[in-house]
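For reference, the structure is listed below as structure tokens.
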Amino acid sequence: MYNKDTLTNRDIIVVGQQPWDVEIGSNCKDIALEFAKHNRVLYVNSPLDRITLLRQKNDAKIQKRLAVIKGVQPSLVAIQTNLWNLFPTEMIESINWLPSKFLFNIFNKRNNKKLAKSIGNAIQILGFKDVILFNDNDMFRCFYLPDLLQPAVSIYYSRDFMLAVDYWKKHGTTLEPLLIAKSDIAVANSTYLANYCKQYNTNSFYVGQGCDLSLFQQPEASVIPSDIQAIQRPIIGYVGALQCLRLDIAIIEHLATQQPNWQIVLVGPQDDAFKASNLHQMPNVHFLGSKPPTALPAYINAFDVCINPQIVNAVTIGNYPRKIDEYLAAGKPTVATKTEAMSIFSNHVYLATGKEDYVNLVTKALAENNNSLTEARKAFATSHTWASSVQEIYAAINSVL
């Protein structure tokens, strides 16, 4: 019996910005793993470009790619059943600096042809047929792949508003709308990005966001880490990269100064703006540094209230913050900046519109927390699985097949 929410025994090619050996969490990798449960999947690493080779030539990952290009190591590697990783066999040129759109397009097409050649060889080796092409937000290196590979279905996946970043804005302002328009479907992990894609392609769908919350069920998640044990309560905590492009330092400063009895705990690497901020002079602000992903649930469980003090700009306004699901999976009361992408959390997260609002809502979160709210948060978070997100992607694919 036909089911629009499933896809089986298809050949899927996944391309995008993040290679398989990236250290940070990756939507694209999680989606590929879910695809591979019932389909054959080729996950294509982004090709090595000349500038990256010059700047990072001693990096082990770069040396691996260079060895593949030289033919010393295999380009196609089996990861698990139904899932292969492709290291492109040709180097591409670094062209984003070119001011001329005409010249950029000439060289970009040449780069795309090199990548398509590597993928085409892998398609022949694996015997893939009638492929589905899934592009994770790569509007340059994969712009011509729908034309060159002629897939049965081409999909553009929008998970970040890339045009807010100078690198992508330069030529992407022209190319991304064209790529969205010529793809068979566009899918997005936030309502904001789905509406953005819909401007250029009526076959645009919100597919939600998955999250691997299994770490929160491990026994070690309930053990309070040693570097937080001596910090007095209440603890107001944040876990993640501390970057001024995404976080509002003024909100954190306001919380710390208005409520000196609250202890603000920040777990994650700092950018230069955070390192130079007044937060380091505040006695109730604690920087605990970077931690391995497996340790983060224990820190979140040690918080009394979790925060996500996003700054509202073009980079953040449409982003789905995965950390919110992680906070809720631990059952923690959470205060976050109000954006369109956060609207789906409105029944379980306190949404703030400014730094004064943060103080009021954290106070409220501390006062009214109870077991019923805790369990409701956990239930909501665990509904955001990669299986459910990929089901939405399947439904979108089946709508055009």
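We name chains A, B, ... following the order of the structure tokens; residues begin at 1 in each chain, and ligands are numbered from 1 as shown.
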Might you pull out every residue within 12 Å of Val187 (chain A), with only C-alpha atoms counted and same-chain residues fewer than 3 positions away left off, and present them as a PyMOL selection string?
-> chain A and resi 134-137+154-160+180+183-184+190-198+201-209+389-397
Residue selection dump (C-alpha atoms) as an mmCIF file, in the first residue's frame:
```
data_model
loop_
_atom_site.group_PDB
_atom_site.id
_atom_site.type_symbol
_atom_site.label_atom_id
_atom_site.label_comp_id
_atom_site.auth_asym_id
_atom_site.auth_seq_id
_atom_site.Cartn_x
_atom_site.Cartn_y
_atom_site.Cartn_z
ATOM 1 C CA PHE A 134 19.550 16.319 -1.819
ATOM 2 C CA ASN A 135 21.503 19.580 -1.553
ATOM 3 C CA ASP A 136 22.246 20.868 1.932
ATOM 4 C CA ASN A 137 22.465 24.650 1.466
ATOM 5 C CA SER A 154 16.300 17.600 -7.002
ATOM 6 C CA ILE A 155 15.867 18.988 -3.469
ATOM 7 C CA TYR A 156 17.272 22.167 -1.946
ATOM 8 C CA TYR A 157 17.489 22.007 1.855
ATOM 9 C CA SER A 158 17.528 25.366 3.657
ATOM 10 C CA ARG A 159 18.654 25.152 7.294
ATOM 11 C CA ASP A 160 20.275 28.584 7.683
ATOM 12 C CA ILE A 180 15.634 27.211 -5.218
ATOM 13 C CA SER A 183 14.943 22.586 -7.805
ATOM 14 C CA ASP A 184 11.915 20.298 -7.902
ATOM 15 C CA SER A 190 12.084 26.465 10.097
ATOM 16 C CA THR A 191 8.857 28.156 9.058
ATOM 17 C CA TYR A 192 10.795 31.354 8.345
ATOM 18 C CA LEU A 193 13.089 29.610 5.849
ATOM 19 C CA ALA A 194 10.191 27.681 4.284
ATOM 20 C CA ASN A 195 8.406 30.982 3.622
ATOM 21 C CA TYR A 196 11.642 32.421 2.219
ATOM 22 C CA CYS A 197 11.957 29.487 -0.224
ATOM 23 C CA LYS A 198 8.288 29.756 -1.176
ATOM 24 C CA ASN A 201 9.358 27.878 -5.540
ATOM 25 C CA THR A 202 5.759 27.065 -4.631
ATOM 26 C CA ASN A 203 6.853 23.483 -3.879
ATOM 27 C CA SER A 204 8.508 24.567 -0.617
ATOM 28 C CA PHE A 205 7.833 22.719 2.612
ATOM 29 C CA TYR A 206 8.535 23.088 6.318
ATOM 30 C CA VAL A 207 9.909 19.706 7.449
ATOM 31 C CA GLY A 208 10.836 20.447 11.052
ATOM 32 C CA GLN A 209 14.061 19.639 12.812
ATOM 33 C CA SER A 389 11.597 15.208 10.012
ATOM 34 C CA VAL A 390 12.668 12.816 7.266
ATOM 35 C CA GLN A 391 9.079 11.573 6.955
ATOM 36 C CA GLU A 392 8.141 15.147 6.074
ATOM 37 C CA ILE A 393 10.931 15.210 3.492
ATOM 38 C CA TYR A 394 9.613 11.949 2.028
ATOM 39 C CA ALA A 395 6.117 13.411 1.810
ATOM 40 C CA ALA A 396 7.520 16.397 -0.060
ATOM 41 C CA ILE A 397 9.439 14.123 -2.465
#
```
Could you make a table, as a Markdown table, of the residues of region 271-329 of chain A that have an atom within 7 Å of an atom of region 334-351 of chain A, each with its nearest atom pair and distance in Å to one decimal, counting only C-alpha atoms, in chain and number order?
```
| residue | atom | partner | partner_atom | distance |
| --- | --- | --- | --- | --- |
| A:Val305 | CA | A:Thr334 | CA | 5.7 |
| A:Cys306 | CA | A:Thr334 | CA | 4.7 |
| A:Ile307 | CA | A:Val335 | CA | 4.9 |
| A:Asn308 | CA | A:Ala336 | CA | 4.6 |
| A:Pro309 | CA | A:Thr337 | CA | 5.7 |
| A:Gln310 | CA | A:Thr337 | CA | 5.6 |
| A:Ile317 | CA | A:Thr339 | CA | 5.8 |
| A:Gly318 | CA | A:Ala341 | CA | 5.4 |
| A:Asn319 | CA | A:Ala341 | CA | 6.2 |
| A:Tyr320 | CA | A:Ala341 | CA | 5.9 |
| A:Tyr327 | CA | A:Thr334 | CA | 6.9 |
```
File of the preceding selection, N, CA and C atoms, as a tab-separated table (two decimals), in the first residue's frame:
```tsv
chain	number	residue	atom	x	y	z
A	305	VAL	N	17.58	27.11	35.19
A	305	VAL	CA	16.90	27.66	34.01
A	305	VAL	C	17.91	27.73	32.88
A	306	CYS	N	17.49	27.34	31.69
A	306	CYS	CA	18.35	27.44	30.51
A	306	CYS	C	17.96	28.68	29.71
A	307	ILE	N	18.94	29.30	29.08
A	307	ILE	CA	18.65	30.47	28.27
A	307	ILE	C	19.26	30.33	26.88
A	308	ASN	N	18.66	31.03	25.92
A	308	ASN	CA	19.24	31.17	24.59
A	308	ASN	C	19.09	32.64	24.19
A	309	PRO	N	20.02	33.49	24.67
A	309	PRO	CA	19.91	34.94	24.46
A	309	PRO	C	20.34	35.37	23.06
A	310	GLN	N	19.62	34.89	22.06
A	310	GLN	CA	19.94	35.20	20.67
A	310	GLN	C	19.85	36.69	20.41
A	317	ILE	N	17.43	35.08	12.67
A	317	ILE	CA	15.97	35.21	12.75
A	317	ILE	C	15.24	33.98	12.23
A	318	GLY	N	15.82	33.29	11.27
A	318	GLY	CA	15.13	32.13	10.72
A	318	GLY	C	15.66	30.80	11.19
A	319	ASN	N	16.67	30.80	12.05
A	319	ASN	CA	17.33	29.56	12.45
A	319	ASN	C	16.52	28.77	13.46
A	320	TYR	N	16.54	27.46	13.28
A	320	TYR	CA	15.96	26.56	14.27
A	320	TYR	C	17.07	26.22	15.27
A	327	TYR	N	17.56	21.44	25.75
A	327	TYR	CA	17.12	21.97	27.04
A	327	TYR	C	15.81	21.32	27.47
```
Counting only C-alpha atoms, the option among A:Val68, A:Ile119, A:Leu83, A:Ser100 closest to Phe35 (chain A) =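 Using only C-alpha atoms, the shortest distance to Phe35 (chain A) belongs to A:Leu83.
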Polymer residues at most 10 Å from Arg141 (chain A), only C-alpha atoms, same-chain spacing of 4 or more positions, as JSON, numbers by chain = {"A": [15, 16, 17, 46, 47, 92, 108, 109, 110, 111, 112, 113, 114, 115, 116, 145]}
Saved selection, atoms kept: C-alpha atoms, as a short mmCIF file (atom, residue, chain, number, x, y, z; two decimals), in the first residue's frame:
```cif
data_model
loop_
_atom_site.label_atom_id
_atom_site.label_comp_id
_atom_site.auth_asym_id
_atom_site.auth_seq_id
_atom_site.Cartn_x
_atom_site.Cartn_y
_atom_site.Cartn_z
CA VAL A 15 25.70 17.01 -1.24
CA GLY A 16 26.30 20.13 0.80
CA GLN A 17 28.63 22.24 2.87
CA SER A 46 32.60 19.15 -0.26
CA PRO A 47 35.51 19.17 -2.73
CA ILE A 92 38.30 22.98 -7.48
CA ASN A 108 31.77 28.03 -10.95
CA LYS A 109 30.37 25.93 -13.78
CA ARG A 110 33.81 24.42 -14.30
CA ASN A 111 34.00 23.60 -10.56
CA ASN A 112 30.53 22.04 -10.71
CA LYS A 113 31.54 19.89 -13.69
CA LYS A 114 34.53 18.56 -11.76
CA LEU A 115 32.33 17.64 -8.81
CA ALA A 116 29.69 16.11 -11.09
CA LEU A 145 24.30 19.61 -10.33
#
```
Test item, helix (DSSP H, G or I) assignment across region 195-295 of chain A, answer as a PyMOL selection string | chain A and resi 195-198+214-217+219-222+226-229+249-258+272-275+278-281+293-295
Find the spatial neighbours of Val223 (chain A), counting only C-alpha atoms, within a cut-off of 12 Å - ignore same-chain residues fewer than 3 positions away - and output them as number ranges by chain.
-> A: 216, 218-220, 226-229, 295-302
Include C-alpha atoms and write out the residues we just selected as a tab-separated table (two decimals), in the first residue's frame.
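New file part_16.tsv:
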```
chain	number	residue	atom	x	y	z
A	216	PHE	CA	19.84	12.62	27.90
A	218	GLN	CA	22.18	7.97	29.79
A	219	PRO	CA	22.94	7.55	33.55
A	220	GLU	CA	25.92	9.92	33.38
A	226	SER	CA	32.85	18.74	39.18
A	227	ASP	CA	33.41	22.28	37.86
A	228	ILE	CA	29.82	23.28	38.52
A	229	GLN	CA	29.27	21.58	41.90
A	295	ALA	CA	29.20	15.78	28.61
A	296	LEU	CA	26.69	18.52	27.73
A	297	PRO	CA	23.54	16.79	29.08
A	298	ALA	CA	25.11	16.69	32.57
A	299	TYR	CA	25.69	20.45	32.47
A	300	ILE	CA	22.17	21.16	31.23
A	301	ASN	CA	20.75	18.96	33.97
A	302	ALA	CA	22.69	21.03	36.52
```
Can you check which residues of region 157-339 of chain A DSSP gives as strand (DSSP E) on the backbone and send them as a ChimeraX atom specification?
-> /A:157-158,185-188,204-206,235-239,263-267,285-289,305-308,334-337
Residue selection dump (C-alpha atoms) as a short mmCIF file (atom, residue, chain, number, x, y, z; two decimals), in the first residue's frame:
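As written to disk, result.cif reads:
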```
data_model
loop_
_atom_site.label_atom_id
_atom_site.label_comp_id
_atom_site.auth_asym_id
_atom_site.auth_seq_id
_atom_site.Cartn_x
_atom_site.Cartn_y
_atom_site.Cartn_z
CA TYR A 157 17.49 22.01 1.86
CA SER A 158 17.53 25.37 3.66
CA ILE A 185 11.25 21.01 -4.24
CA ALA A 186 12.71 23.06 -1.41
CA VAL A 187 12.53 21.93 2.20
CA ALA A 188 13.42 23.92 5.31
CA SER A 204 8.51 24.57 -0.62
CA PHE A 205 7.83 22.72 2.61
CA TYR A 206 8.53 23.09 6.32
CA ILE A 235 22.11 28.58 38.06
CA ILE A 236 21.05 30.21 34.80
CA GLY A 237 22.88 28.38 32.05
CA TYR A 238 23.74 28.39 28.37
CA VAL A 239 25.42 25.63 26.35
CA GLN A 263 24.84 32.51 38.83
CA ILE A 264 25.24 32.71 35.04
CA VAL A 265 27.07 29.65 33.72
CA LEU A 266 28.29 29.66 30.10
CA VAL A 267 29.55 26.41 28.58
CA VAL A 285 29.33 34.90 35.56
CA HIS A 286 31.22 31.64 35.09
CA PHE A 287 32.90 30.56 31.83
CA LEU A 288 33.46 26.80 31.90
CA GLY A 289 34.93 26.43 28.40
CA VAL A 305 16.90 27.66 34.01
CA CYS A 306 18.35 27.44 30.51
CA ILE A 307 18.65 30.47 28.27
CA ASN A 308 19.24 31.17 24.59
CA THR A 334 13.86 27.71 29.16
CA VAL A 335 13.89 31.41 28.26
CA ALA A 336 14.77 32.33 24.69
CA THR A 337 14.60 35.31 22.35
#
```
Find the distance between CA of Thr6 (chain A) and CA of Trp84 (chain A) and write it in Å to one decimal.
->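 Pair CA of Thr6 (chain A) / CA of Trp84 (chain A) returns 21.1 Å.
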Find the residues near Thr382 (chain A): any atom within 10 Å, counting only C-alpha atoms, skip ones fewer than 2 places away on the same chain, and give them as a PyMOL selection string.
-> chain A and resi 210-214+325-326+328-329+377-380+384-385
Do a neighbour search on Asp30 (chain A) at 8 Å with only C-alpha atoms, toss out local chain neighbours closer than 4 positions, and write the hits as a list in words.
->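 Surrounding residues, per the criterion: Ser26, Glu34 and Trp386 of chain A.
Among the candidates A:Val315, A:Thr353, A:Asn82, A:Leu48, the one nearest to Leu163 (chain A) when counting only C-alpha atoms is A:Val315.
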Point out the residue among A:Val400, A:Val72, A:Leu66, A:Leu175 with the least atom-to-atom distance to Asn105 (chain A), counting only C-alpha atoms.
->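 Among A:Val400, A:Val72, A:Leu66, A:Leu175, it is A:Leu175 that comes nearest to Asn105 (chain A).
Going from CA of Lys61 (chain A) over to CA of Leu33 (chain A), you cover 21.6 Å.
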Could you build a table of the residues in region 272-358 of chain A lying no more than 9 Å from region 246-260 of chain A, giving for each the nearest pair of atoms and their separation in Å rounded to one decimal place, using only C-alpha atoms, ordered by chain and ascending residue number, as JSON lines?
```
{"residue": "A:Ala273", "atom": "CA", "partner": "A:Ile249", "partner_atom": "CA", "distance": 8.7}
{"residue": "A:Phe274", "atom": "CA", "partner": "A:Ile249", "partner_atom": "CA", "distance": 7.5}
{"residue": "A:Ser277", "atom": "CA", "partner": "A:Ile249", "partner_atom": "CA", "distance": 7.8}
{"residue": "A:Asn278", "atom": "CA", "partner": "A:Glu253", "partner_atom": "CA", "distance": 7.6}
{"residue": "A:Leu279", "atom": "CA", "partner": "A:Glu253", "partner_atom": "CA", "distance": 6.3}
{"residue": "A:Met282", "atom": "CA", "partner": "A:Ala256", "partner_atom": "CA", "distance": 7.4}
{"residue": "A:Pro283", "atom": "CA", "partner": "A:Pro260", "partner_atom": "CA", "distance": 8.4}
{"residue": "A:Asn284", "atom": "CA", "partner": "A:Pro260", "partner_atom": "CA", "distance": 6.4}
{"residue": "A:Val285", "atom": "CA", "partner": "A:Ala256", "partner_atom": "CA", "distance": 6.9}
{"residue": "A:Asn308", "atom": "CA", "partner": "A:Leu247", "partner_atom": "CA", "distance": 7.8}
{"residue": "A:Pro309", "atom": "CA", "partner": "A:Leu247", "partner_atom": "CA", "distance": 5.6}
{"residue": "A:Gln310", "atom": "CA", "partner": "A:Leu247", "partner_atom": "CA", "distance": 4.4}
{"residue": "A:Ile311", "atom": "CA", "partner": "A:Asp248", "partner_atom": "CA", "distance": 4.6}
{"residue": "A:Val312", "atom": "CA", "partner": "A:Arg246", "partner_atom": "CA", "distance": 7.7}
{"residue": "A:Asn313", "atom": "CA", "partner": "A:Arg246", "partner_atom": "CA", "distance": 8.0}
{"residue": "A:Val315", "atom": "CA", "partner": "A:Arg246", "partner_atom": "CA", "distance": 7.3}
{"residue": "A:Thr316", "atom": "CA", "partner": "A:Arg246", "partner_atom": "CA", "distance": 6.2}
{"residue": "A:Gly354", "atom": "CA", "partner": "A:Ile251", "partner_atom": "CA", "distance": 7.6}
{"residue": "A:Lys355", "atom": "CA", "partner": "A:Ile251", "partner_atom": "CA", "distance": 4.8}
{"residue": "A:Glu356", "atom": "CA", "partner": "A:His254", "partner_atom": "CA", "distance": 7.8}
{"residue": "A:Tyr358", "atom": "CA", "partner": "A:Leu255", "partner_atom": "CA", "distance": 7.3}
```
The selected residues should be written to file as an mmCIF file, in the first residue's frame (atoms: C-alpha atoms).
```cif
data_model
loop_
_atom_site.group_PDB
_atom_site.id
_atom_site.type_symbol
_atom_site.label_atom_id
_atom_site.label_comp_id
_atom_site.auth_asym_id
_atom_site.auth_seq_id
_atom_site.Cartn_x
_atom_site.Cartn_y
_atom_site.Cartn_z
ATOM 1 C CA ALA A 273 34.002 39.665 21.467
ATOM 2 C CA PHE A 274 33.078 37.390 24.364
ATOM 3 C CA SER A 277 33.486 41.499 27.236
ATOM 4 C CA ASN A 278 32.742 42.840 30.712
ATOM 5 C CA LEU A 279 31.248 39.462 31.572
ATOM 6 C CA MET A 282 31.371 39.906 36.871
ATOM 7 C CA PRO A 283 31.661 37.629 39.914
ATOM 8 C CA ASN A 284 28.421 35.764 39.173
ATOM 9 C CA VAL A 285 29.326 34.905 35.560
ATOM 10 C CA ASN A 308 19.235 31.171 24.592
ATOM 11 C CA PRO A 309 19.910 34.938 24.458
ATOM 12 C CA GLN A 310 19.936 35.195 20.672
ATOM 13 C CA ILE A 311 20.600 38.517 19.046
ATOM 14 C CA VAL A 312 17.995 39.142 16.355
ATOM 15 C CA ASN A 313 19.616 39.672 12.958
ATOM 16 C CA VAL A 315 21.664 35.290 10.499
ATOM 17 C CA THR A 316 19.551 34.192 13.472
ATOM 18 C CA GLY A 354 14.316 42.290 25.263
ATOM 19 C CA LYS A 355 16.796 42.214 28.132
ATOM 20 C CA GLU A 356 14.230 43.436 30.684
ATOM 21 C CA TYR A 358 14.644 38.126 30.238
#
```
Which one of A:Leu133, A:Ile106, A:Leu98, A:Ala387 sits closest to Asp11 (chain A) if you count only C-alpha atoms?
->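 Checking each of A:Leu133, A:Ile106, A:Leu98, A:Ala387 against Asp11 (chain A), counting only C-alpha atoms, the winner is A:Leu133.
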